[in-house]
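As structure tokens, the structure follows; a few thoughts come after it.
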Amino acid sequence: MSREAEALADSITAELVGLANAEYARGVLGARSPGKEPLGVAIPRLRAAVRTQWRRVRHLDGGELLTAADVLWRGSSHEQELAGCMLLRLSGTLVGIRQLRGWAPLLDNWLSVDELAGCLGEAIETRPELLQECGFLALDTSPWARRLYLAGVIRPVSRGLSAAAVPHLAMLFEDNRHPVRKASVWLLRATLKARPAAASEFAAVQRPGTPASLARMVEAALVAEAATKR
């Protein structure tokens with residue numbers, strides 16, 4: 001392991017510990033229920049701490065930054081997971097399949113999943129082949145991993161990737177676990193707002209088992225899209 005990468009992870013962790021707030025941590029437990037102990041650092045302060053430490057070592061390459069992010073993800077606090085994702089996004093470093101396979105088993109809360117999903121979406125846009133490689137997430141027994149997959153495709157699909165090109169999408173639309181269903185709604189809303197014409201793509205993906213609530217969203221978008229062409 002690169003000493004500088006480990007030192008970066010350590011410096012971020014030390015700053016987060018210094019920002020810890022017990023009262024805020026109790027709120028985090030109630031709202032997110034992470035498996036790891038929260039320090040109680042608000043998101044803006046957390047992101048600022050990561051940015052400050054990263055700017056001191058901008059010479060580190062992508063591999064070293066991925067190593068630092070991995071050290072953070074395997075730390076003892078909830079905020080370290082978030083910091084690992086923020087480090088990648090702030091530095092423009094793309095998450096890879098190795099990290100996804102290593103971090104997916106650690107997922108257990110909404111915010112860690114959605115922070116990592118932001119990294120995944122950026123990576124898929126840059127490396128479209130990653131969409132096929134990360135299909136294991138859609139088939140995982142954990143609803144948090146399945147949510148990661150759905151939330152991760154929101155950015156590329158809303159920006160033009162056809163819904164029909166997303167493996168396992170029809171199956172996930174039928175998934176009634178709460179984290180997954182919420183991600184399905186999020187994907188539909190974000191995409192149909194950005195690309196109303198994508199309604200036909202989702203209609204083609206639907207199966208008889210698609211929940212009525214999702215089917216109605218697609219049908220309403222189809223009607224609205226048709227009305228604009230009259």
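By convention in this document, the chains of the structure tokens carry letters A, B, ... by their order, each chain's residues are numbered from 1, and ligands are numbered from 1 in the order they are shown.
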
Give me the residues within 9 Å of stretch 28-37 of chain A as a VMD selection string, counting only C-alpha atoms and dropping any in the same chain fewer than 2 places off.
chain A and resid 23 to 26 39 to 40 75 to 79 106 to 112

Please provide the set of residues having any atom within 10 Å of stretch 102-105 of chain A, restricted to only C-alpha atoms, with same-chain residues fewer than 2 positions apart removed, written as a PDB file with all heavy atoms, in the first residue's frame.
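See result17.pdb below for the written result:
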ATOM      1  N   ASP A  70     -10.355   3.126  -0.442  1.00  0.00           N
ATOM      2  CA  ASP A  70     -10.597   1.782   0.090  1.00  0.00           C
ATOM      3  C   ASP A  70     -10.295   1.722   1.585  1.00  0.00           C
ATOM      4  O   ASP A  70     -11.033   1.088   2.356  1.00  0.00           O
ATOM      5  CB  ASP A  70      -9.735   0.763  -0.664  1.00  0.00           C
ATOM      6  CG  ASP A  70     -10.101  -0.669  -0.323  1.00  0.00           C
ATOM      7  OD1 ASP A  70     -11.249  -1.069  -0.576  1.00  0.00           O
ATOM      8  OD2 ASP A  70      -9.247  -1.390   0.230  1.00  0.00           O
ATOM      9  N   TRP A  73     -13.234   3.326   3.262  1.00  0.00           N
ATOM     10  CA  TRP A  73     -14.430   2.470   3.252  1.00  0.00           C
ATOM     11  C   TRP A  73     -14.347   1.357   4.283  1.00  0.00           C
ATOM     12  O   TRP A  73     -15.370   0.912   4.808  1.00  0.00           O
ATOM     13  CB  TRP A  73     -14.636   1.872   1.854  1.00  0.00           C
ATOM     14  CG  TRP A  73     -15.683   2.613   1.088  1.00  0.00           C
ATOM     15  CD1 TRP A  73     -15.502   3.683   0.267  1.00  0.00           C
ATOM     16  CD2 TRP A  73     -17.085   2.355   1.103  1.00  0.00           C
ATOM     17  NE1 TRP A  73     -16.701   4.104  -0.234  1.00  0.00           N
ATOM     18  CE2 TRP A  73     -17.699   3.304   0.268  1.00  0.00           C
ATOM     19  CE3 TRP A  73     -17.887   1.408   1.740  1.00  0.00           C
ATOM     20  CZ2 TRP A  73     -19.075   3.345   0.057  1.00  0.00           C
ATOM     21  CZ3 TRP A  73     -19.265   1.451   1.523  1.00  0.00           C
ATOM     22  CH2 TRP A  73     -19.842   2.409   0.689  1.00  0.00           C
ATOM     23  N   ARG A  74     -13.153   0.927   4.587  1.00  0.00           N
ATOM     24  CA  ARG A  74     -12.998  -0.161   5.550  1.00  0.00           C
ATOM     25  C   ARG A  74     -12.741   0.348   6.966  1.00  0.00           C
ATOM     26  O   ARG A  74     -12.417  -0.414   7.868  1.00  0.00           O
ATOM     27  CB  ARG A  74     -11.874  -1.096   5.086  1.00  0.00           C
ATOM     28  CG  ARG A  74     -12.203  -1.740   3.745  1.00  0.00           C
ATOM     29  CD  ARG A  74     -11.141  -2.672   3.217  1.00  0.00           C
ATOM     30  NE  ARG A  74     -11.435  -3.060   1.847  1.00  0.00           N
ATOM     31  CZ  ARG A  74     -12.364  -3.956   1.489  1.00  0.00           C
ATOM     32  NH1 ARG A  74     -13.082  -4.553   2.418  1.00  0.00           N
ATOM     33  NH2 ARG A  74     -12.566  -4.249   0.219  1.00  0.00           N
ATOM     34  N   GLU A  81     -16.978   6.018   5.086  1.00  0.00           N
ATOM     35  CA  GLU A  81     -17.504   5.497   3.817  1.00  0.00           C
ATOM     36  C   GLU A  81     -17.882   6.651   2.894  1.00  0.00           C
ATOM     37  O   GLU A  81     -17.537   6.652   1.704  1.00  0.00           O
ATOM     38  CB  GLU A  81     -18.725   4.618   4.071  1.00  0.00           C
ATOM     39  CG  GLU A  81     -18.427   3.336   4.821  1.00  0.00           C
ATOM     40  CD  GLU A  81     -19.664   2.470   4.993  1.00  0.00           C
ATOM     41  OE1 GLU A  81     -20.794   2.940   4.734  1.00  0.00           O
ATOM     42  OE2 GLU A  81     -19.504   1.307   5.399  1.00  0.00           O
ATOM     43  N   ILE A  97     -14.420  -1.902 -10.924  1.00  0.00           N
ATOM     44  CA  ILE A  97     -15.121  -3.128 -10.532  1.00  0.00           C
ATOM     45  C   ILE A  97     -14.532  -3.724  -9.261  1.00  0.00           C
ATOM     46  O   ILE A  97     -15.251  -4.297  -8.436  1.00  0.00           O
ATOM     47  CB  ILE A  97     -15.087  -4.154 -11.698  1.00  0.00           C
ATOM     48  CG1 ILE A  97     -16.068  -5.296 -11.438  1.00  0.00           C
ATOM     49  CG2 ILE A  97     -13.689  -4.670 -11.942  1.00  0.00           C
ATOM     50  CD1 ILE A  97     -17.512  -4.858 -11.472  1.00  0.00           C
ATOM     51  N   ARG A  98     -13.232  -3.581  -9.078  1.00  0.00           N
ATOM     52  CA  ARG A  98     -12.600  -4.118  -7.872  1.00  0.00           C
ATOM     53  C   ARG A  98     -13.166  -3.450  -6.623  1.00  0.00           C
ATOM     54  O   ARG A  98     -13.457  -4.126  -5.628  1.00  0.00           O
ATOM     55  CB  ARG A  98     -11.091  -3.909  -7.944  1.00  0.00           C
ATOM     56  CG  ARG A  98     -10.329  -4.433  -6.726  1.00  0.00           C
ATOM     57  CD  ARG A  98      -8.835  -4.252  -6.905  1.00  0.00           C
ATOM     58  NE  ARG A  98      -8.099  -4.698  -5.734  1.00  0.00           N
ATOM     59  CZ  ARG A  98      -6.780  -4.613  -5.615  1.00  0.00           C
ATOM     60  NH1 ARG A  98      -6.052  -4.128  -6.617  1.00  0.00           N
ATOM     61  NH2 ARG A  98      -6.168  -5.033  -4.517  1.00  0.00           N
ATOM     62  N   GLN A  99     -13.320  -2.135  -6.687  1.00  0.00           N
ATOM     63  CA  GLN A  99     -13.873  -1.425  -5.523  1.00  0.00           C
ATOM     64  C   GLN A  99     -15.337  -1.787  -5.312  1.00  0.00           C
ATOM     65  O   GLN A  99     -15.778  -1.999  -4.177  1.00  0.00           O
ATOM     66  CB  GLN A  99     -13.738   0.097  -5.714  1.00  0.00           C
ATOM     67  CG  GLN A  99     -12.326   0.628  -5.626  1.00  0.00           C
ATOM     68  CD  GLN A  99     -11.504   0.313  -6.873  1.00  0.00           C
ATOM     69  OE1 GLN A  99     -12.014   0.432  -7.996  1.00  0.00           O
ATOM     70  NE2 GLN A  99     -10.248  -0.087  -6.694  1.00  0.00           N
ATOM     71  N   LEU A 100     -16.095  -1.880  -6.387  1.00  0.00           N
ATOM     72  CA  LEU A 100     -17.515  -2.222  -6.265  1.00  0.00           C
ATOM     73  C   LEU A 100     -17.703  -3.585  -5.618  1.00  0.00           C
ATOM     74  O   LEU A 100     -18.569  -3.771  -4.754  1.00  0.00           O
ATOM     75  CB  LEU A 100     -18.185  -2.186  -7.641  1.00  0.00           C
ATOM     76  CG  LEU A 100     -18.290  -0.804  -8.290  1.00  0.00           C
ATOM     77  CD1 LEU A 100     -18.755  -0.924  -9.735  1.00  0.00           C
ATOM     78  CD2 LEU A 100     -19.235   0.094  -7.501  1.00  0.00           C
ATOM     79  N   LEU A 107     -22.451  -2.353   2.303  1.00  0.00           N
ATOM     80  CA  LEU A 107     -23.582  -1.432   2.190  1.00  0.00           C
ATOM     81  C   LEU A 107     -24.711  -1.817   3.129  1.00  0.00           C
ATOM     82  O   LEU A 107     -25.147  -2.969   3.147  1.00  0.00           O
ATOM     83  CB  LEU A 107     -24.095  -1.421   0.745  1.00  0.00           C
ATOM     84  CG  LEU A 107     -23.112  -0.912  -0.314  1.00  0.00           C
ATOM     85  CD1 LEU A 107     -23.673  -1.131  -1.704  1.00  0.00           C
ATOM     86  CD2 LEU A 107     -22.803   0.570  -0.088  1.00  0.00           C
ATOM     87  N   ASP A 108     -25.199  -0.828   3.892  1.00  0.00           N
ATOM     88  CA  ASP A 108     -26.295  -1.120   4.820  1.00  0.00           C
ATOM     89  C   ASP A 108     -27.150   0.098   5.136  1.00  0.00           C
ATOM     90  O   ASP A 108     -27.942   0.074   6.069  1.00  0.00           O
ATOM     91  CB  ASP A 108     -25.757  -1.724   6.120  1.00  0.00           C
ATOM     92  CG  ASP A 108     -24.852  -0.774   6.897  1.00  0.00           C
ATOM     93  OD1 ASP A 108     -24.733   0.403   6.496  1.00  0.00           O
ATOM     94  OD2 ASP A 108     -24.251  -1.208   7.903  1.00  0.00           O
ATOM     95  N   VAL A 113     -25.022   4.129   0.181  1.00  0.00           N
ATOM     96  CA  VAL A 113     -25.391   3.580  -1.127  1.00  0.00           C
ATOM     97  C   VAL A 113     -25.473   4.690  -2.165  1.00  0.00           C
ATOM     98  O   VAL A 113     -24.908   4.582  -3.264  1.00  0.00           O
ATOM     99  CB  VAL A 113     -26.735   2.828  -1.054  1.00  0.00           C
ATOM    100  CG1 VAL A 113     -27.218   2.455  -2.455  1.00  0.00           C
ATOM    101  CG2 VAL A 113     -26.611   1.584  -0.196  1.00  0.00           C
ATOM    102  N   LEU A 116     -22.133   6.243  -3.163  1.00  0.00           N
ATOM    103  CA  LEU A 116     -21.395   5.346  -4.058  1.00  0.00           C
ATOM    104  C   LEU A 116     -22.066   5.278  -5.426  1.00  0.00           C
ATOM    105  O   LEU A 116     -21.389   5.146  -6.452  1.00  0.00           O
ATOM    106  CB  LEU A 116     -21.292   3.955  -3.432  1.00  0.00           C
ATOM    107  CG  LEU A 116     -20.479   2.911  -4.202  1.00  0.00           C
ATOM    108  CD1 LEU A 116     -19.080   3.419  -4.534  1.00  0.00           C
ATOM    109  CD2 LEU A 116     -20.380   1.614  -3.398  1.00  0.00           C
ATOM    110  N   LEU A 137     -24.364  -6.721  -9.132  1.00  0.00           N
ATOM    111  CA  LEU A 137     -25.058  -5.958  -8.100  1.00  0.00           C
ATOM    112  C   LEU A 137     -26.569  -6.153  -8.201  1.00  0.00           C
ATOM    113  O   LEU A 137     -27.270  -6.254  -7.189  1.00  0.00           O
ATOM    114  CB  LEU A 137     -24.734  -4.471  -8.222  1.00  0.00           C
ATOM    115  CG  LEU A 137     -23.290  -4.052  -7.949  1.00  0.00           C
ATOM    116  CD1 LEU A 137     -23.064  -2.608  -8.383  1.00  0.00           C
ATOM    117  CD2 LEU A 137     -22.952  -4.227  -6.468  1.00  0.00           C
ATOM    118  N   ASP A 140     -27.563  -9.411  -6.591  1.00  0.00           N
ATOM    119  CA  ASP A 140     -27.124  -9.630  -5.208  1.00  0.00           C
ATOM    120  C   ASP A 140     -28.317  -9.879  -4.294  1.00  0.00           C
ATOM    121  O   ASP A 140     -29.421  -9.386  -4.528  1.00  0.00           O
ATOM    122  CB  ASP A 140     -26.348  -8.399  -4.723  1.00  0.00           C
ATOM    123  CG  ASP A 140     -25.472  -8.697  -3.520  1.00  0.00           C
ATOM    124  OD1 ASP A 140     -26.019  -8.852  -2.416  1.00  0.00           O
ATOM    125  OD2 ASP A 140     -24.241  -8.768  -3.692  1.00  0.00           O
ATOM    126  N   SER A 142     -28.572  -8.745  -1.338  1.00  0.00           N
ATOM    127  CA  SER A 142     -28.784  -7.549  -0.522  1.00  0.00           C
ATOM    128  C   SER A 142     -29.579  -6.500  -1.295  1.00  0.00           C
ATOM    129  O   SER A 142     -29.191  -6.110  -2.407  1.00  0.00           O
ATOM    130  CB  SER A 142     -27.447  -6.938  -0.098  1.00  0.00           C
ATOM    131  OG  SER A 142     -27.645  -5.633   0.427  1.00  0.00           O
ATOM    132  N   TRP A 144     -29.591  -3.471  -0.681  1.00  0.00           N
ATOM    133  CA  TRP A 144     -28.743  -2.281  -0.783  1.00  0.00           C
ATOM    134  C   TRP A 144     -27.853  -2.348  -2.019  1.00  0.00           C
ATOM    135  O   TRP A 144     -27.615  -1.328  -2.673  1.00  0.00           O
ATOM    136  CB  TRP A 144     -27.911  -2.119   0.480  1.00  0.00           C
ATOM    137  CG  TRP A 144     -28.730  -1.884   1.698  1.00  0.00           C
ATOM    138  CD1 TRP A 144     -28.880  -2.711   2.772  1.00  0.00           C
ATOM    139  CD2 TRP A 144     -29.546  -0.738   1.976  1.00  0.00           C
ATOM    140  NE1 TRP A 144     -29.730  -2.159   3.701  1.00  0.00           N
ATOM    141  CE2 TRP A 144     -30.149  -0.944   3.239  1.00  0.00           C
ATOM    142  CE3 TRP A 144     -29.831   0.443   1.287  1.00  0.00           C
ATOM    143  CZ2 TRP A 144     -31.013  -0.015   3.812  1.00  0.00           C
ATOM    144  CZ3 TRP A 144     -30.690   1.370   1.861  1.00  0.00           C
ATOM    145  CH2 TRP A 144     -31.262   1.141   3.104  1.00  0.00           C
ATOM    146  N   ALA A 145     -27.356  -3.531  -2.348  1.00  0.00           N
ATOM    147  CA  ALA A 145     -26.558  -3.691  -3.571  1.00  0.00           C
ATOM    148  C   ALA A 145     -27.436  -3.481  -4.799  1.00  0.00           C
ATOM    149  O   ALA A 145     -27.011  -2.847  -5.781  1.00  0.00           O
ATOM    150  CB  ALA A 145     -25.909  -5.071  -3.603  1.00  0.00           C
ATOM    151  N   ARG A 146     -28.659  -3.982  -4.750  1.00  0.00           N
ATOM    152  CA  ARG A 146     -29.572  -3.815  -5.884  1.00  0.00           C
ATOM    153  C   ARG A 146     -29.952  -2.339  -6.042  1.00  0.00           C
ATOM    154  O   ARG A 146     -30.076  -1.837  -7.155  1.00  0.00           O
ATOM    155  CB  ARG A 146     -30.809  -4.700  -5.712  1.00  0.00           C
ATOM    156  CG  ARG A 146     -30.466  -6.187  -5.597  1.00  0.00           C
ATOM    157  CD  ARG A 146     -31.639  -7.104  -5.831  1.00  0.00           C
ATOM    158  NE  ARG A 146     -32.747  -6.952  -4.911  1.00  0.00           N
ATOM    159  CZ  ARG A 146     -32.844  -7.525  -3.706  1.00  0.00           C
ATOM    160  NH1 ARG A 146     -31.847  -8.299  -3.274  1.00  0.00           N
ATOM    161  NH2 ARG A 146     -33.911  -7.355  -2.945  1.00  0.00           N
ATOM    162  N   LEU A 148     -27.990   0.123  -5.230  1.00  0.00           N
ATOM    163  CA  LEU A 148     -26.789   0.742  -5.794  1.00  0.00           C
ATOM    164  C   LEU A 148     -26.799   0.639  -7.310  1.00  0.00           C
ATOM    165  O   LEU A 148     -26.485   1.608  -8.014  1.00  0.00           O
ATOM    166  CB  LEU A 148     -25.532   0.077  -5.223  1.00  0.00           C
ATOM    167  CG  LEU A 148     -24.206   0.481  -5.872  1.00  0.00           C
ATOM    168  CD1 LEU A 148     -23.947   1.978  -5.708  1.00  0.00           C
ATOM    169  CD2 LEU A 148     -23.056  -0.322  -5.270  1.00  0.00           C
TER     170      LEU A 148
END

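Our summary of the geometry notes that atom CA of A:Arg207 is positioned 19.4 Å from atom CA of A:Arg147.
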
Could you list, as a PyMOL selection string, every residue within 7 Å of A:Val41, counting only C-alpha atoms and ignoring same-chain residues fewer than 4 positions away?
chain A and resi 16+19-21+45-46

Could you list, as an NGL selection string, every residue within 9 Å of stretch 159-171 of chain A, counting only C-alpha atoms and ignoring same-chain residues fewer than 5 positions away?
:A and (125 or 131-132 or 135 or 138-139 or 150 or 153-154 or 191 or 194-195 or 198 or 201-202 or 204-207 or 209-210)

Residue with the minimum atom-to-atom distance to A:Trp54, picked from A:Gly27, A:Pro38, A:Gly84, A:Gly152 with only C-alpha atoms counted, is A:Gly84

Extract, using only C-alpha atoms, all DNA, RNA and protein residues at most 10 Å from A:Gly96, discarding same-chain residues fewer than 3 positions from it, and format them as a ChimeraX atom specification.
/A:66,93,99-101,119-120,123-124,127,130,133-134

Could you take the residues named above and write them with C-alpha atoms, as an mmCIF file, in the first residue's frame?
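Resulting contents of again_15.cif:
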data_model
loop_
_atom_site.group_PDB
_atom_site.id
_atom_site.type_symbol
_atom_site.label_atom_id
_atom_site.label_comp_id
_atom_site.auth_asym_id
_atom_site.auth_seq_id
_atom_site.Cartn_x
_atom_site.Cartn_y
_atom_site.Cartn_z
ATOM 1 C CA LEU A 66 -8.548 4.492 -4.998
ATOM 2 C CA THR A 93 -11.201 9.397 -9.990
ATOM 3 C CA GLN A 99 -13.873 -1.425 -5.523
ATOM 4 C CA LEU A 100 -17.515 -2.222 -6.265
ATOM 5 C CA ARG A 101 -16.982 -5.879 -5.422
ATOM 6 C CA CYS A 119 -19.451 7.421 -8.300
ATOM 7 C CA LEU A 120 -20.875 4.481 -10.239
ATOM 8 C CA ALA A 123 -17.866 5.706 -14.101
ATOM 9 C CA ILE A 124 -20.511 4.130 -16.358
ATOM 10 C CA ARG A 127 -16.587 3.474 -19.250
ATOM 11 C CA LEU A 130 -18.763 -1.153 -16.630
ATOM 12 C CA GLU A 133 -19.400 -5.752 -15.424
ATOM 13 C CA CYS A 134 -21.422 -4.503 -12.469
#

Extract, using only C-alpha atoms, all DNA, RNA and protein residues at most 12 Å from A:Glu6, discarding same-chain residues fewer than 3 positions from it, and format them as a count of residues only.
20
